[in-house]
Structure formats: structure tokens, C-alpha cells
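Only one structure is covered here, and it is reproduced in the block below.
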Amino acid sequence: MTDVTPSGRSLAWAVPIVAEAAALARSVVFAWLLGPDEMGQAMMLALTVRMVEMATDFGIERLIVQAVEGHTERFQAALHGAMILRGVMSAIILLGLAPVFAWGLDDGPGWSSYALLALVPLLRGLSHLDYRRFERRFRYQSMAIVEGGATVAMAAAVLPAGIVFQDHRAMIIVLILHAASFALLSHAVAARRYSVVMSAQVLGRLQRFGAPLVANALLLFVAFYADRLIVAEAYGWAVLAVYGITLQLAMLPAQVAGRAAASLLLPRLAQAFHQNRLLEVWPRSMATFAVGALIMVVGFVVCAPITIDLTYGAAYRPDLFLTLGVALAAGFRILRTPLSQLAVATGRTGDPARANVLRALALIPAAVSAAAGLPLAVIAFAAAAGEAAATFRAFWLSRNSLHFSNSEEVLA
């Protein structure tokens with residue numbers, strides 16, 4: 001049985017840590033160079049790209065790891081075709097949203113700024129999937145080169161872009177450069193020749209596998225990102241910068257944990273599932289994330305306000321109640337990470353969406369609070385309550401995954 005080596009495990013954690021640290025550094029540089037108003041607008045551009053990526057995420061990169069035939073050339077070529085289709089579809093969505101966002105958010109980025117973001121998914125759609133295929137055997141060097149190299153390219157562009165443009169347009173340049181670097185590096189590390197096949201059969205399978213993931217992604221957007229739209233509309237761009245920076249810093253451990261889990265935990269759980277060994281590996285995985293969530297909450301509440309003050313400037317410092325609410329939301333998100341990976345590994349891709357319905361419902365009290373002019377911290381606590389409800393629901397649903405007697409029950 002192939003297993004992950006210590007060096008492989010280190011890479012799987014190091015790459016997302018570096019990527020999230022670079023995103024954090026990007027926000028620090030832009031915060032100082034652009035100021036709160038332009039920083040809020042730059043964050044909205046990045047948010048828009050992320051929203052569309054989530055809305056079109058059918059789990060292509062996860063399916064090549066989870067599927068039994070994920071190692072075959074024909075299946076991979078068909079997934080390359082799906083990647084291209086996803087990129088085109090995402091670009092069309094962004095072009096359609098450009099005037100809506102430009103007109104709907106007062107004094108924000110113009111429609112051309114949103115439209116230029118369409119280049120990001122187009123470029124990502126041309127990526128080679130070999131670096132993900134290698135993860136089936138717990139080989140992470142190529143992933144480190146692709147994701148780490150693209151991160152370095154992005155980081156190198158942040159300061160020049162900020163100095164040249166001095167406004168939210170700097171974010172566009174950085175996002176496009178990151179996508180282009182990612183695609184190029186994925187081809188550079190590939191062992192197989194790049195080939196594309198448009199397979200109706202694979203697209204149908206991807207739709208069955210990924211449709212619940214898309215539903216979950218949309219729920220996550222409503223739950224996790226739409227509150228920033230509420231803040232921007234109700235409190236203004238400068239307050240959005242404060243809220244967005246605090247949330248970004250809190251969610252950094254959750255993002256790292258999620259990306260590392262996709263590389264480390266997902267193939268391990270999928271392998272254990274196919275070998276009927278889930279109950280052997282699952283308790284330790286869940287316990288590890290539970291301890292990590294607790295450490296994160298306590299550490300963030302103690303350190304975040306002064307860290308943000310020193311790093312970003314006093315204008316971005318959150319109060320204690322906002323800090324606590326955001327920390328609790330991030331802690332529950334970390335706790336839910338292994339539950340989501342378990343659902344994907346066992347083919348129950350609808351379970352994360354079922355859980356996140358509860359998280360999305362938290363948007364209702366958040367919107368009411370903003371309309372009533374209540375303190376910003378109330379929105380954060382509404383998010384934390386939604387994250388807690390979603391996590392408990394995911395834990396309840398996980399019993400179904402753990403009680404399958406064999407993989408054929410899911411794959412049939």
C-alpha cells in the first residue's frame with residue numbers, strides 16, 4: 001500500500017501555508033498602498049473571482065484523485081476537456097456579472113475591471129492535471145512547484161502593481177498573473193502529453209459527482225462571502241476593508257487546513273474507503289482537526305487585534321467582539337473540514353451542501369442586523385452561529401459515510 005512520506009506530508013502542509021501567507025502579504029501591501037476605500041474595492045474584485053470559481057467547481061481536481069480510473073490517460077484527457085469548458089463558462093459568467101456589480105455597488109470598480117477578471121478562469125482552465133494525478137500515490141513535489149511557483153509569481157507582482165496603479169486595478173493584474181503562472185507551471189511538471197477529449201460520458205459523471213459540490217459551493221458563497229457584500233452596501237468600503245481583513249486572517253488557518261486536507265486527507269480516506277478501513281483512520285483525523293480548531297480560536301482572539309494594528313495600521317484594527325465572532329466562525333469551519341473530505345471520499349458529495357444550508361440561513365439575521373444599523377460584530381456572531389449549526393449537521397451526516405460496508409454501495 002502506498003503511503004505518504006514525512007517529506008510529502010510536509011509539502012502538502014507547506015504549500016497552502018505559503019499560498020495563504022502570500023495572500024495575506026498581498027493584502028498588507030495593498031492596505032498600505034491603496035488605503036481603506038481602494039482596498040475594499042480590491043477585495044471585492046478578488047471576491048468576485050472566487051464566487052464564480054465556487055459556482056463552477058464540479059470537483060474536477062478531486063475526481064481525478066477519488067475515481068478508481070483517475071490514473072488513466074483517457075479519463076484525464078476528458079477531465080482536461082471539462083476544465084476548458086469550466087473556464088469558458090466562468091468567463092462568460094464574469095462578463096455577464098460585470099455591469100451588474102458595477103451598477104449595483106456605488107462608487108466601486110467599473111464594469112471593465114470586473115470584465116477583465118474573465119481572463120483568470122480562462123487561463124486556469126488550460127492547466128494540466130498531472131500534478132493532481134500524482135497525489136493519488138501521495139507524491140506532492142509537482143503540486144509544490146505548480147502552486148508554490150504561481151504564488152511566488154503573484155507575490156513578486158504585488159508591489160509593482162500597487163505602485164503603478166495606486167488603486168483596485170492592481171488586484172486584477174496580480175490575479176491574472178497568478179492564473180497564467182499556474183497554468184504554465186502545470187504543463188512544465190507534467191509527465192504525460194497534454195491531450196483533450198470531450199466525453200459526454202465523463203461530463204455526465206462529473207455532473208453527478210460535482211453537482212452537489214456546486215450546490216455546496218453556492219451555499220458557501222452565500223454563507224461566507226455574501227456577508228461581505230452586505231457589509232460593503234450597509235457600512236461602506238472602508239468598513240468592508242476592516243471586516244474583510246479580520247475575516248481573511250481568521251480564515252487563513254481554515255484555508256490552509258482545507259487545502260492540505262484535499263491533498264493529504266482526501267486520498268487517504270478514499271484509499272481507506274475502497275479497502276473498508278475507514279473506521280481505522282477516521283477517529284485520529286477528526287481529533288487532529290478538533291485540537292487545531294481550539295488552538296486557532298484562542299490564539300486568534302489573543303493575538304489578532306494587535307497583529308492587525310501593527311501589520312495593517314490602526315485604521316484596520318477590529319474590536320474584541322468582532323474578533324471573537326470571526327474566530328468562532330473560523331474554528332467551526334476548521335472542525336468541518338475533515339467531515340467534508342470524508343463525504344467526498346465516500347462519494348456522498350451532497351452531504352456538505354446539506355450541512356451548509358444551515359450556514360447559509362445565517363445570512364438572514366446578518367442582513368437584518370446590517371439594515372438595522374447594529375454593530376459589525378453582530379454579523380460576525382451570526383456567521384459563527386451558522387458555522388456551528390452546519391458543523392453539527394455535517395457530523396450527524398458523517399455517520400452514513402462511516403457505516404457503508406463497502407465502496408460498491410456508493411459507486412453503484
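Letters A, B, ... mark the chains of the C-alpha cells in the order given; residue numbers begin at 1 per chain; ligand numbers begin at 1, in order shown.
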Which residues of range 173-291 of chain A come within 9 Å of range 319-324 of chain A, and for each one, what is the closest pair of atoms and their distance in Å to one decimal, counting only C-alpha atoms, sorted by chain and residue number, as a tab-separated table?
residue	atom	partner	partner_atom	distance
A:Tyr243	CA	A:Leu322	CA	8.3
A:Thr246	CA	A:Thr323	CA	7.2
A:Leu247	CA	A:Thr323	CA	8.6
A:Ala250	CA	A:Thr323	CA	8.5
Quiz item: Near Glu69 in chain A, within 12 Å and counting only C-alpha atoms, which residues show up once chain neighbours fewer than 6 positions away are dropped, as a count of residues only?
Solution: 8
Quiz prompt | Which of range 55-193 of chain A DSSP labels helix (DSSP H, G or I), written as number ranges by chain | solution = A: 55, 60-66, 73-104, 111-116, 119-124, 130-137, 141-165, 169-188
Self-check item: Exercise: range 114-130 of chain A partners within 8 Å, only C-alpha atoms, chain neighbours under 6 positions left out, as number ranges by chain
Solution: A: 45, 48-49, 53, 61, 76, 80, 83-88, 90-92, 94-95, 97-98, 101-102, 172, 175-176, 179-180, 182-184, 186-187, 189-192, 194
Quiz item: Which is closer to Gly331 in chain A than all the others in A:Gly35, A:Pro99, A:Pro253, A:Pro160, using only C-alpha atoms?
Solution: A:Pro253
Quiz item: Do you know which residues are at most 12 Å from Ala170 in chain A counting only C-alpha atoms, after dropping those on the same chain fewer than 6 positions away, and could you put them as a list in words?
Solution: Arg26, Ser27, Val29, Phe30, Ala31, Leu33, Leu34, Glu38, Met39, Gln41, Ala42, Met43, Leu45, Ala46, Pro109, Ser113, Leu116, Leu117, Met154, Ala157, Val158, Leu159, Pro160, Ala161, Gly162, Ile163, Val164, Ile176 and Leu177 of chain A
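Using only C-alpha atoms for every distance, the candidate list A:Ala226, A:Ala367, A:Leu342, A:Ala22 yields A:Leu342 as the residue closest to Gln271 in chain A.
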Find the spatial neighbours of Leu269 in chain A, counting only C-alpha atoms, within a cut-off of 8 Å - ignore same-chain residues fewer than 4 positions away - and output them as a short mmCIF file (atom, residue, chain, number, x, y, z; two decimals) with C-alpha atoms, in the first residue's frame.
data_model
loop_
_atom_site.label_atom_id
_atom_site.label_comp_id
_atom_site.auth_asym_id
_atom_site.auth_seq_id
_atom_site.Cartn_x
_atom_site.Cartn_y
_atom_site.Cartn_z
CA LEU A 265 -6.69 13.53 3.89
CA PHE A 273 -12.86 3.59 1.91
CA LEU A 278 -12.40 3.95 7.28
CA VAL A 281 -8.18 6.05 10.17
CA TRP A 282 -11.11 8.35 10.85
CA GLN A 341 -13.40 15.41 2.89
CA LEU A 342 -14.99 12.24 4.28
CA ALA A 345 -14.02 10.34 -0.33
CA THR A 346 -17.09 8.15 0.08
#
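Distance check against Leu402 in chain A using only C-alpha atoms: of A:Gly81, A:Gly40, A:Gly104, A:Gly347, the minimum falls on A:Gly347.
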Quiz prompt | Pick from A:Leu252, A:Leu213, A:Met286, A:Ala329 nearest to Arg348 in chain A, counting only C-alpha atoms | solution = A:Leu213
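You will find CA of His168 in chain A at 12.5 Å from CA of Leu47 in chain A.
Take CA of Met54 in chain A and CA of Ala343 in chain A: the distance between them is 17.6 Å.
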Exercise. Choose the residue, out of A:Pro318, A:Gly292, A:Pro305, A:Gly350, that has the smallest atom-to-atom separation from Leu240 in chain A; count only C-alpha atoms.
Key: A:Pro318
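Relative to CA of Leu185 in chain A, CA of Met143 in chain A is found at 9.6 Å.
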